>>> print(open('structure10.pdb').read())   # PDB, C-alpha atoms
ATOM      1  CA  MET A   1      18.956  12.322  34.023  1.00  0.00           C
ATOM      2  CA  ALA A   2      20.975   9.837  31.936  1.00  0.00           C
ATOM      3  CA  THR A   3      19.591   6.284  31.932  1.00  0.00           C
ATOM      4  CA  TYR A   4      22.769   4.844  33.418  1.00  0.00           C
ATOM      5  CA  ASP A   5      22.833   7.290  36.312  1.00  0.00           C
ATOM      6  CA  THR A   6      20.352   4.817  37.822  1.00  0.00           C
ATOM      7  CA  LEU A   7      21.274   1.559  36.045  1.00  0.00           C
ATOM      8  CA  GLY A   8      25.043   1.784  35.927  1.00  0.00           C
ATOM      9  CA  ALA A   9      26.134   1.626  39.554  1.00  0.00           C
ATOM     10  CA  THR A  10      27.549  -1.933  39.323  1.00  0.00           C
ATOM     11  CA  TYR A  11      28.488  -1.823  35.654  1.00  0.00           C
ATOM     12  CA  ALA A  12      32.242  -2.021  36.158  1.00  0.00           C
ATOM     13  CA  ARG A  13      31.831  -5.320  38.053  1.00  0.00           C
ATOM     14  CA  THR A  14      29.490  -7.151  35.674  1.00  0.00           C
ATOM     15  CA  ARG A  15      30.366  -5.647  32.280  1.00  0.00           C
ATOM     16  CA  ARG A  16      34.038  -6.449  31.727  1.00  0.00           C
ATOM     17  CA  PRO A  17      35.000  -6.405  28.035  1.00  0.00           C
ATOM     18  CA  ASP A  18      35.359  -9.807  26.419  1.00  0.00           C
ATOM     19  CA  PRO A  19      38.734 -10.070  24.621  1.00  0.00           C
ATOM     20  CA  ARG A  20      37.306 -11.941  21.619  1.00  0.00           C
ATOM     21  CA  ILE A  21      34.649  -9.328  21.004  1.00  0.00           C
ATOM     22  CA  ALA A  22      37.231  -6.601  21.614  1.00  0.00           C
ATOM     23  CA  ALA A  23      39.478  -8.123  18.937  1.00  0.00           C
ATOM     24  CA  GLN A  24      36.630  -8.054  16.409  1.00  0.00           C
ATOM     25  CA  ILE A  25      35.773  -4.430  17.203  1.00  0.00           C
ATOM     26  CA  HIS A  26      39.405  -3.346  16.981  1.00  0.00           C
ATOM     27  CA  ALA A  27      39.873  -5.201  13.686  1.00  0.00           C
ATOM     28  CA  ALA A  28      36.803  -3.420  12.303  1.00  0.00           C
ATOM     29  CA  LEU A  29      38.294  -0.051  13.271  1.00  0.00           C
ATOM     30  CA  GLY A  30      41.305  -0.851  11.127  1.00  0.00           C
ATOM     31  CA  GLY A  31      44.595   1.027  11.205  1.00  0.00           C
ATOM     32  CA  VAL A  32      43.239   4.311  12.461  1.00  0.00           C
ATOM     33  CA  THR A  33      45.370   6.830  14.321  1.00  0.00           C
ATOM     34  CA  ASP A  34      42.737   8.152  16.740  1.00  0.00           C
ATOM     35  CA  VAL A  35      39.302   7.032  17.939  1.00  0.00           C
ATOM     36  CA  ILE A  36      36.394   8.708  19.733  1.00  0.00           C
ATOM     37  CA  ASN A  37      34.129   6.414  21.774  1.00  0.00           C
ATOM     38  CA  VAL A  38      30.534   7.681  21.897  1.00  0.00           C
ATOM     39  CA  GLY A  39      28.244   6.327  24.617  1.00  0.00           C
ATOM     40  CA  ALA A  40      31.447   5.090  26.166  1.00  0.00           C
ATOM     41  CA  GLY A  41      30.174   4.020  29.571  1.00  0.00           C
ATOM     42  CA  THR A  42      33.015   2.697  31.705  1.00  0.00           C
ATOM     43  CA  GLY A  43      35.343   2.373  28.725  1.00  0.00           C
ATOM     44  CA  SER A  44      34.776  -1.183  27.553  1.00  0.00           C
ATOM     45  CA  TYR A  45      36.331  -2.016  24.188  1.00  0.00           C
ATOM     46  CA  GLU A  46      38.231   1.244  23.840  1.00  0.00           C
ATOM     47  CA  PRO A  47      41.390   0.604  21.800  1.00  0.00           C
ATOM     48  CA  PRO A  48      44.728   2.221  22.702  1.00  0.00           C
ATOM     49  CA  GLU A  49      44.096   4.792  19.979  1.00  0.00           C
ATOM     50  CA  THR A  50      41.132   6.257  21.861  1.00  0.00           C
ATOM     51  CA  VAL A  51      41.635   9.989  22.396  1.00  0.00           C
ATOM     52  CA  LEU A  52      38.247  10.878  23.889  1.00  0.00           C
ATOM     53  CA  ALA A  53      35.230   9.161  25.438  1.00  0.00           C
ATOM     54  CA  VAL A  54      31.770  10.744  25.323  1.00  0.00           C
ATOM     55  CA  GLU A  55      29.239   9.624  27.940  1.00  0.00           C
ATOM     56  CA  PRO A  56      26.154  11.343  29.449  1.00  0.00           C
ATOM     57  CA  SER A  57      26.124   9.474  32.789  1.00  0.00           C
ATOM     58  CA  HIS A  58      28.325  10.752  35.600  1.00  0.00           C
ATOM     59  CA  VAL A  59      27.864   7.374  37.339  1.00  0.00           C
ATOM     60  CA  MET A  60      29.422   5.584  34.383  1.00  0.00           C
ATOM     61  CA  LEU A  61      32.187   8.149  33.993  1.00  0.00           C
ATOM     62  CA  ALA A  62      33.126   7.703  37.642  1.00  0.00           C
ATOM     63  CA  GLN A  63      33.749   3.985  37.019  1.00  0.00           C
ATOM     64  CA  ARG A  64      36.234   4.470  34.198  1.00  0.00           C
ATOM     65  CA  PRO A  65      39.524   2.895  35.248  1.00  0.00           C
ATOM     66  CA  SER A  66      42.652   4.894  35.915  1.00  0.00           C
ATOM     67  CA  GLY A  67      44.598   5.502  32.727  1.00  0.00           C
ATOM     68  CA  SER A  68      41.525   5.554  30.490  1.00  0.00           C
ATOM     69  CA  ALA A  69      41.227   8.082  27.704  1.00  0.00           C
ATOM     70  CA  PRO A  70      39.978  11.552  28.687  1.00  0.00           C
ATOM     71  CA  ALA A  71      36.192  11.730  28.896  1.00  0.00           C
ATOM     72  CA  VAL A  72      33.555  14.408  28.487  1.00  0.00           C
ATOM     73  CA  ARG A  73      29.962  14.347  29.692  1.00  0.00           C
ATOM     74  CA  ALA A  74      27.795  14.850  26.611  1.00  0.00           C
ATOM     75  CA  VAL A  75      25.229  13.095  24.403  1.00  0.00           C
ATOM     76  CA  ALA A  76      25.638  11.578  20.958  1.00  0.00           C
ATOM     77  CA  GLU A  77      23.101  13.970  19.466  1.00  0.00           C
ATOM     78  CA  ARG A  78      25.278  16.993  20.336  1.00  0.00           C
ATOM     79  CA  LEU A  79      28.937  16.060  20.291  1.00  0.00           C
ATOM     80  CA  PRO A  80      31.160  18.901  21.552  1.00  0.00           C
ATOM     81  CA  LEU A  81      33.669  18.288  18.778  1.00  0.00           C
ATOM     82  CA  CYS A  82      34.724  19.876  15.521  1.00  0.00           C
ATOM     83  CA  ASP A  83      34.092  18.339  12.109  1.00  0.00           C
ATOM     84  CA  GLY A  84      36.459  15.491  11.303  1.00  0.00           C
ATOM     85  CA  ALA A  85      37.768  15.358  14.848  1.00  0.00           C
ATOM     86  CA  ALA A  86      39.115  11.795  14.637  1.00  0.00           C
ATOM     87  CA  ASP A  87      39.941   9.050  12.180  1.00  0.00           C
ATOM     88  CA  ALA A  88      37.196   6.816  13.578  1.00  0.00           C
ATOM     89  CA  VAL A  89      34.184   6.916  15.861  1.00  0.00           C
ATOM     90  CA  MET A  90      32.884   3.859  17.719  1.00  0.00           C
ATOM     91  CA  ALA A  91      29.589   3.287  19.541  1.00  0.00           C
ATOM     92  CA  VAL A  92      29.135   0.041  21.502  1.00  0.00           C
ATOM     93  CA  LEU A  93      25.658  -1.135  22.559  1.00  0.00           C
ATOM     94  CA  THR A  94      24.427   2.428  22.933  1.00  0.00           C
ATOM     95  CA  VAL A  95      22.314   3.559  19.972  1.00  0.00           C
ATOM     96  CA  HIS A  96      19.125   2.091  21.472  1.00  0.00           C
ATOM     97  CA  HIS A  97      19.449   4.579  24.351  1.00  0.00           C
ATOM     98  CA  TRP A  98      19.684   7.689  22.175  1.00  0.00           C
ATOM     99  CA  THR A  99      16.710  10.056  22.134  1.00  0.00           C
ATOM    100  CA  ASP A 100      17.210  11.061  18.479  1.00  0.00           C
ATOM    101  CA  LEU A 101      18.863   8.314  16.464  1.00  0.00           C
ATOM    102  CA  ALA A 102      19.098  10.259  13.206  1.00  0.00           C
ATOM    103  CA  ALA A 103      20.723  13.229  14.932  1.00  0.00           C
ATOM    104  CA  GLY A 104      23.199  10.950  16.696  1.00  0.00           C
ATOM    105  CA  ILE A 105      24.233   9.229  13.485  1.00  0.00           C
ATOM    106  CA  ARG A 106      24.625  12.591  11.747  1.00  0.00           C
ATOM    107  CA  GLU A 107      26.979  13.602  14.533  1.00  0.00           C
ATOM    108  CA  LEU A 108      29.047  10.426  14.156  1.00  0.00           C
ATOM    109  CA  ARG A 109      29.320  11.069  10.424  1.00  0.00           C
ATOM    110  CA  ARG A 110      30.296  14.689  11.042  1.00  0.00           C
ATOM    111  CA  VAL A 111      33.041  13.848  13.536  1.00  0.00           C
ATOM    112  CA  ALA A 112      34.592  10.814  11.820  1.00  0.00           C
ATOM    113  CA  ARG A 113      37.151  11.380   9.095  1.00  0.00           C
ATOM    114  CA  ARG A 114      37.387   7.777   7.913  1.00  0.00           C
ATOM    115  CA  ARG A 115      35.298   5.139   9.670  1.00  0.00           C
ATOM    116  CA  ILE A 116      32.349   4.476  11.973  1.00  0.00           C
ATOM    117  CA  VAL A 117      31.934   1.194  13.897  1.00  0.00           C
ATOM    118  CA  ILE A 118      28.715   0.434  15.795  1.00  0.00           C
ATOM    119  CA  LEU A 119      27.940  -2.644  17.870  1.00  0.00           C
ATOM    120  CA  THR A 120      24.202  -3.331  18.189  1.00  0.00           C
ATOM    121  CA  TRP A 121      21.812  -6.246  17.765  1.00  0.00           C
ATOM    122  CA  ASP A 122      19.133  -7.475  15.366  1.00  0.00           C
ATOM    123  CA  GLN A 123      15.987  -7.809  17.461  1.00  0.00           C
ATOM    124  CA  ARG A 124      14.284 -10.250  15.102  1.00  0.00           C
ATOM    125  CA  ILE A 125      17.154 -12.727  15.412  1.00  0.00           C
ATOM    126  CA  PHE A 126      17.543 -12.084  19.141  1.00  0.00           C
ATOM    127  CA  ARG A 127      13.858 -12.794  19.825  1.00  0.00           C
ATOM    128  CA  GLU A 128      13.923 -16.017  17.835  1.00  0.00           C
ATOM    129  CA  ARG A 129      17.218 -17.522  18.973  1.00  0.00           C
ATOM    130  CA  PHE A 130      17.742 -16.427  22.574  1.00  0.00           C
ATOM    131  CA  TRP A 131      15.939 -18.846  24.864  1.00  0.00           C
ATOM    132  CA  LEU A 132      15.701 -16.452  27.839  1.00  0.00           C
ATOM    133  CA  VAL A 133      13.433 -13.924  26.157  1.00  0.00           C
ATOM    134  CA  ARG A 134      11.708 -16.444  23.901  1.00  0.00           C
ATOM    135  CA  ASP A 135      10.778 -19.003  26.566  1.00  0.00           C
ATOM    136  CA  TYR A 136      10.789 -17.164  29.890  1.00  0.00           C
ATOM    137  CA  LEU A 137      10.664 -13.383  29.540  1.00  0.00           C
ATOM    138  CA  PRO A 138       8.393 -12.398  26.634  1.00  0.00           C
ATOM    139  CA  ASP A 139       7.594  -9.094  28.349  1.00  0.00           C
ATOM    140  CA  ALA A 140      11.283  -8.213  28.309  1.00  0.00           C
ATOM    141  CA  ALA A 141      11.367  -9.061  24.612  1.00  0.00           C
ATOM    142  CA  ALA A 142       8.384  -6.772  24.096  1.00  0.00           C
ATOM    143  CA  PHE A 143      10.259  -3.987  25.882  1.00  0.00           C
ATOM    144  CA  ASP A 144      13.221  -4.477  23.565  1.00  0.00           C
ATOM    145  CA  ASP A 145      10.853  -4.283  20.603  1.00  0.00           C
ATOM    146  CA  THR A 146      10.169  -0.666  21.579  1.00  0.00           C
ATOM    147  CA  ARG A 147      13.806   0.427  21.656  1.00  0.00           C
ATOM    148  CA  ALA A 148      15.786  -1.881  19.368  1.00  0.00           C
ATOM    149  CA  VAL A 149      17.046  -0.182  16.215  1.00  0.00           C
ATOM    150  CA  PRO A 150      16.665  -2.259  13.045  1.00  0.00           C
ATOM    151  CA  THR A 151      20.082  -2.821  11.513  1.00  0.00           C
ATOM    152  CA  GLU A 152      18.663  -1.911   8.114  1.00  0.00           C
ATOM    153  CA  GLN A 153      17.656   1.500   9.462  1.00  0.00           C
ATOM    154  CA  LEU A 154      21.090   2.045  10.971  1.00  0.00           C
ATOM    155  CA  ALA A 155      22.789   1.069   7.723  1.00  0.00           C
ATOM    156  CA  ASP A 156      20.606   3.514   5.797  1.00  0.00           C
ATOM    157  CA  LEU A 157      21.375   6.360   8.196  1.00  0.00           C
ATOM    158  CA  LEU A 158      25.071   5.577   7.884  1.00  0.00           C
ATOM    159  CA  GLY A 159      24.823   5.828   4.107  1.00  0.00           C
ATOM    160  CA  GLY A 160      25.498   2.113   3.754  1.00  0.00           C
ATOM    161  CA  ALA A 161      27.378  -0.274   6.031  1.00  0.00           C
ATOM    162  CA  ARG A 162      28.591  -3.831   6.090  1.00  0.00           C
ATOM    163  CA  ARG A 163      27.166  -6.002   8.864  1.00  0.00           C
ATOM    164  CA  GLU A 164      29.326  -8.540  10.677  1.00  0.00           C
ATOM    165  CA  PRO A 165      27.871 -11.167  13.036  1.00  0.00           C
ATOM    166  CA  VAL A 166      29.369 -10.998  16.521  1.00  0.00           C
ATOM    167  CA  LEU A 167      29.289 -14.440  18.109  1.00  0.00           C
ATOM    168  CA  VAL A 168      28.804 -14.666  21.877  1.00  0.00           C
ATOM    169  CA  PRO A 169      31.286 -17.070  23.539  1.00  0.00           C
ATOM    170  CA  HIS A 170      29.916 -19.496  26.122  1.00  0.00           C
ATOM    171  CA  ASP A 171      32.214 -17.960  28.753  1.00  0.00           C
ATOM    172  CA  CYS A 172      31.734 -14.334  27.704  1.00  0.00           C
ATOM    173  CA  THR A 173      33.142 -11.962  30.325  1.00  0.00           C
ATOM    174  CA  ASP A 174      30.928  -9.040  29.345  1.00  0.00           C
ATOM    175  CA  GLY A 175      27.585  -9.503  31.081  1.00  0.00           C
ATOM    176  CA  PHE A 176      25.258  -8.098  28.423  1.00  0.00           C
ATOM    177  CA  ALA A 177      21.848  -9.625  27.783  1.00  0.00           C
ATOM    178  CA  ALA A 178      22.815 -12.869  26.016  1.00  0.00           C
ATOM    179  CA  ALA A 179      26.251 -13.317  27.614  1.00  0.00           C
ATOM    180  CA  TYR A 180      25.090 -16.173  29.859  1.00  0.00           C
ATOM    181  CA  TRP A 181      23.290 -18.239  27.229  1.00  0.00           C
ATOM    182  CA  ARG A 182      25.054 -21.412  28.470  1.00  0.00           C
ATOM    183  CA  ARG A 183      25.019 -20.358  32.153  1.00  0.00           C
ATOM    184  CA  PRO A 184      21.318 -19.970  33.019  1.00  0.00           C
ATOM    185  CA  THR A 185      21.791 -19.585  36.774  1.00  0.00           C
ATOM    186  CA  ALA A 186      23.534 -16.249  36.165  1.00  0.00           C
ATOM    187  CA  TYR A 187      20.190 -14.673  35.269  1.00  0.00           C
ATOM    188  CA  LEU A 188      18.935 -15.522  38.749  1.00  0.00           C
ATOM    189  CA  ASP A 189      21.561 -13.218  40.283  1.00  0.00           C
ATOM    190  CA  PRO A 190      20.180  -9.693  40.953  1.00  0.00           C
ATOM    191  CA  GLN A 191      23.615  -8.116  40.485  1.00  0.00           C
ATOM    192  CA  VAL A 192      23.958  -9.675  37.044  1.00  0.00           C
ATOM    193  CA  ARG A 193      20.477  -8.470  36.102  1.00  0.00           C
ATOM    194  CA  ALA A 194      21.293  -4.957  37.325  1.00  0.00           C
ATOM    195  CA  GLY A 195      23.970  -4.710  34.628  1.00  0.00           C
ATOM    196  CA  ILE A 196      21.587  -5.747  31.820  1.00  0.00           C
ATOM    197  CA  SER A 197      19.409  -2.828  30.769  1.00  0.00           C
ATOM    198  CA  LEU A 198      16.868  -5.143  29.120  1.00  0.00           C
ATOM    199  CA  LEU A 199      16.107  -6.744  32.490  1.00  0.00           C
ATOM    200  CA  ALA A 200      16.701  -3.765  34.746  1.00  0.00           C
ATOM    201  CA  GLN A 201      14.423  -1.488  32.751  1.00  0.00           C
ATOM    202  CA  THR A 202      11.684  -4.078  32.292  1.00  0.00           C
ATOM    203  CA  GLY A 203      11.494  -4.310  36.079  1.00  0.00           C
ATOM    204  CA  GLU A 204      11.749  -7.070  38.663  1.00  0.00           C
ATOM    205  CA  ALA A 205       7.999  -7.369  39.178  1.00  0.00           C
ATOM    206  CA  VAL A 206       7.450  -8.043  35.479  1.00  0.00           C
ATOM    207  CA  ILE A 207      10.206 -10.601  35.045  1.00  0.00           C
ATOM    208  CA  ALA A 208       9.798 -12.392  38.399  1.00  0.00           C
ATOM    209  CA  PRO A 209       7.336 -15.081  37.173  1.00  0.00           C
ATOM    210  CA  GLY A 210       9.594 -16.009  34.276  1.00  0.00           C
ATOM    211  CA  LEU A 211      12.644 -16.122  36.508  1.00  0.00           C
ATOM    212  CA  ASP A 212      10.781 -18.382  38.929  1.00  0.00           C
ATOM    213  CA  ARG A 213      10.053 -20.793  36.080  1.00  0.00           C
ATOM    214  CA  LEU A 214      13.689 -20.634  34.991  1.00  0.00           C
ATOM    215  CA  ALA A 215      14.880 -21.368  38.536  1.00  0.00           C
ATOM    216  CA  ASP A 216      12.574 -24.361  38.702  1.00  0.00           C
ATOM    217  CA  ASP A 217      13.702 -25.653  35.309  1.00  0.00           C
ATOM    218  CA  VAL A 218      17.359 -25.346  36.294  1.00  0.00           C
ATOM    219  CA  THR A 219      16.785 -27.085  39.648  1.00  0.00           C
ATOM    220  CA  THR A 220      14.851 -29.978  38.112  1.00  0.00           C
ATOM    221  CA  GLY A 221      17.198 -30.321  35.143  1.00  0.00           C
ATOM    222  CA  ARG A 222      14.504 -29.486  32.587  1.00  0.00           C
ATOM    223  CA  TRP A 223      16.529 -26.562  31.231  1.00  0.00           C
ATOM    224  CA  HIS A 224      19.544 -28.772  30.565  1.00  0.00           C
ATOM    225  CA  ILE A 225      17.421 -31.399  28.849  1.00  0.00           C
ATOM    226  CA  ARG A 226      15.614 -28.823  26.731  1.00  0.00           C
ATOM    227  CA  HIS A 227      18.859 -27.096  25.724  1.00  0.00           C
ATOM    228  CA  ALA A 228      21.184 -30.069  25.551  1.00  0.00           C
ATOM    229  CA  ASP A 229      22.160 -28.960  22.051  1.00  0.00           C
ATOM    230  CA  LEU A 230      23.782 -25.818  23.496  1.00  0.00           C
ATOM    231  CA  LEU A 231      25.914 -27.466  26.155  1.00  0.00           C
ATOM    232  CA  GLY A 232      28.774 -28.398  23.840  1.00  0.00           C
ATOM    233  CA  VAL A 233      28.679 -25.250  21.724  1.00  0.00           C
ATOM    234  CA  GLU A 234      31.521 -22.744  22.083  1.00  0.00           C
ATOM    235  CA  ALA A 235      29.796 -19.643  20.667  1.00  0.00           C
ATOM    236  CA  ILE A 236      26.436 -18.727  19.144  1.00  0.00           C
ATOM    237  CA  ASP A 237      24.894 -16.069  16.937  1.00  0.00           C
ATOM    238  CA  VAL A 238      21.926 -14.489  18.683  1.00  0.00           C
ATOM    239  CA  GLY A 239      21.809 -11.358  16.558  1.00  0.00           C
ATOM    240  CA  TYR A 240      24.635  -9.098  17.743  1.00  0.00           C
ATOM    241  CA  ARG A 241      26.037  -7.177  14.805  1.00  0.00           C
ATOM    242  CA  LEU A 242      28.904  -4.843  13.985  1.00  0.00           C
ATOM    243  CA  LEU A 243      28.028  -2.171  11.462  1.00  0.00           C
ATOM    244  CA  VAL A 244      31.087  -0.727   9.729  1.00  0.00           C
ATOM    245  CA  THR A 245      31.085   2.142   7.268  1.00  0.00           C
ATOM    246  CA  ASP A 246      33.666   4.424   5.695  1.00  0.00           C
ATOM    247  CA  VAL A 247      32.755   8.103   5.461  1.00  0.00           C
TER
END
>>> encode(input="structure10.pdb", output="structure tokens")
Amino acid sequence: MATYDTLGATYARTRRPDPRIAAQIHAALGGVTDVINVGAGTGSYEPPETVLAVEPSHVMLAQRPSGSAPAVRAVAERLPLCDGAADAVMAVLTVHHWTDLAAGIRELRRVARRRIVILTWDQRIFRERFWLVRDYLPDAAAFDDTRAVPTEQLADLLGGARREPVLVPHDCTDGFAAAYWRRPTAYLDPQVRAGISLLAQTGEAVIAPGLDRLADDVTTGRWHIRHADLLGVEAIDVGYRLLVTDV
């Protein structure tokens, strides 16, 4: 069963694409004529040029909005597509879920005629800079250590790639792990956590003590004192990266 058959039930409500991140992804794709979105989920960040979405979870596919590109249920490691099927292939926050990373990247390279764009994160930077996992949820950080893909490894598999930092706005509309870095109370909401695989897969019992400490720090004002330097910041770099390569 696909991971998001169990985790993705509320995804369309909490994971709405952020327009600033979308603009960066679309700029990285360049002037392509057609795009295939692999690990597409509910369709976040798909540009108008998208001709096909590939997603293994029927729960996620069912949440794709009306008018989205056609979608097929399949995995990255075995794309049901011919060689050079599209100008570009994109993969957004998905490679850490693949069972065979090398096979998945080979498939992206096989299917793309011109360009591959992958959004992922650098775990070393994420661990160091993101206060939630560093100060409150070290067990969640340890879980991410087991699944995060080093950007150097991805770049090597792609045959070389440029890496662009993706800054997270303070009012980010896409509720991924670090989206609420300036809104700590959001992490106390079970529905928000359900849309963040890092927290949902670590498990409520494991993260509960850290969340209790966070709740107390927010209530007493300790969090705001400790992170006063963040309160006037518009966007931060916590390790999210776009990898872009021409094939």
>>> closest_residue(input="structure10.pdb", among="A:Arg127, A:Arg241, A:Arg73, A:Arg226", to="Leu154 of chain A", atoms="all atoms listed in the file")
A:Arg241
>>> residues_around(input="structure10.pdb", residues="Val244 of chain A", least_positions_apart="3", cutoff="8 Å", atoms="all atoms listed in the file", output="PDB file with C-alpha atoms, in the coordinates of the input")
ATOM      1  CA  ALA A  28      36.803  -3.420  12.303  1.00  0.00           C
ATOM      2  CA  ARG A 115      35.298   5.139   9.670  1.00  0.00           C
ATOM      3  CA  ILE A 116      32.349   4.476  11.973  1.00  0.00           C
ATOM      4  CA  VAL A 117      31.934   1.194  13.897  1.00  0.00           C
ATOM      5  CA  ILE A 118      28.715   0.434  15.795  1.00  0.00           C
ATOM      6  CA  ALA A 161      27.378  -0.274   6.031  1.00  0.00           C
ATOM      7  CA  ARG A 162      28.591  -3.831   6.090  1.00  0.00           C
ATOM      8  CA  ARG A 163      27.166  -6.002   8.864  1.00  0.00           C
TER       9      ARG A 163
END
>>> atom_distance(input="structure10.pdb", atom1="atom CA of Thr33 of chain A", atom2="atom CA of Leu52 of chain A")
12.6 Å
>>> closest_residue(input="structure10.pdb", among="A:Ala76, A:Pro165, A:Pro150, A:Trp121", to="Thr99 of chain A", atoms="all atoms listed in the file")
A:Ala76
>>> residues_around(input="structure10.pdb", residues="Val89 of chain A", least_positions_apart="2", cutoff="9 Å", atoms="only C-alpha atoms", output="PyMOL selection string")
chain A and resi 29+34-38+86-87+91+108-109+111-118
>>> atom_distance(input="structure10.pdb", atom1="atom CA of Val32 of chain A", atom2="atom CA of Cys172 of chain A")
26.7 Å
>>> atom_distance(input="structure10.pdb", atom1="atom CA of Gly41 of chain A", atom2="atom CA of Glu55 of chain A")
5.9 Å
>>> closest_residue(input="structure10.pdb", among="A:Ser44, A:Glu234, A:Gln24, A:Glu204", to="Phe176 of chain A", atoms="all atoms listed in the file")
A:Ser44
>>> residues_near_point(input="structure10.pdb", point="(45.6, 0.8, 25.0)", cutoff="10 Å", atoms="all atoms listed in the file", output="ChimeraX atom specification")
/A:45-50,67-69
>>> closest_residue(input="structure10.pdb", among="A:Leu242, A:Ile225, A:Ala178, A:Ala140", to="Pro209 of chain A", atoms="only C-alpha atoms")
A:Ala140
>>> closest_residue(input="structure10.pdb", among="A:Ala208, A:Ala22, A:Ala74, A:Ala215", to="Thr185 of chain A", atoms="only C-alpha atoms")
A:Ala215
>>> residues_around(input="structure10.pdb", residues="Val238 of chain A", least_positions_apart="5", cutoff="7 Å", atoms="all atoms listed in the file", output="list in words")
Ile125, Phe126, Arg129 and Phe130 of chain A
>>> resolve_selection(input="structure10.pdb", expression="the PyMOL selection byres ((chain A and resi 188) around 12)", output="list of chain:residue names")
A:Leu132, A:Tyr180, A:Arg183, A:Pro184, A:Thr185, A:Ala186, A:Tyr187, A:Asp189, A:Pro190, A:Gln191, A:Val192, A:Arg193, A:Ala194, A:Leu199, A:Glu204, A:Ile207, A:Ala208, A:Pro209, A:Gly210, A:Leu211, A:Asp212, A:Arg213, A:Leu214, A:Ala215, A:Asp216, A:Asp217, A:Val218, A:Thr219
>>> closest_residue(input="structure10.pdb", among="A:Ala53, A:Ile105, A:Val149, A:Ala235", to="Val72 of chain A", atoms="only C-alpha atoms")
A:Ala53
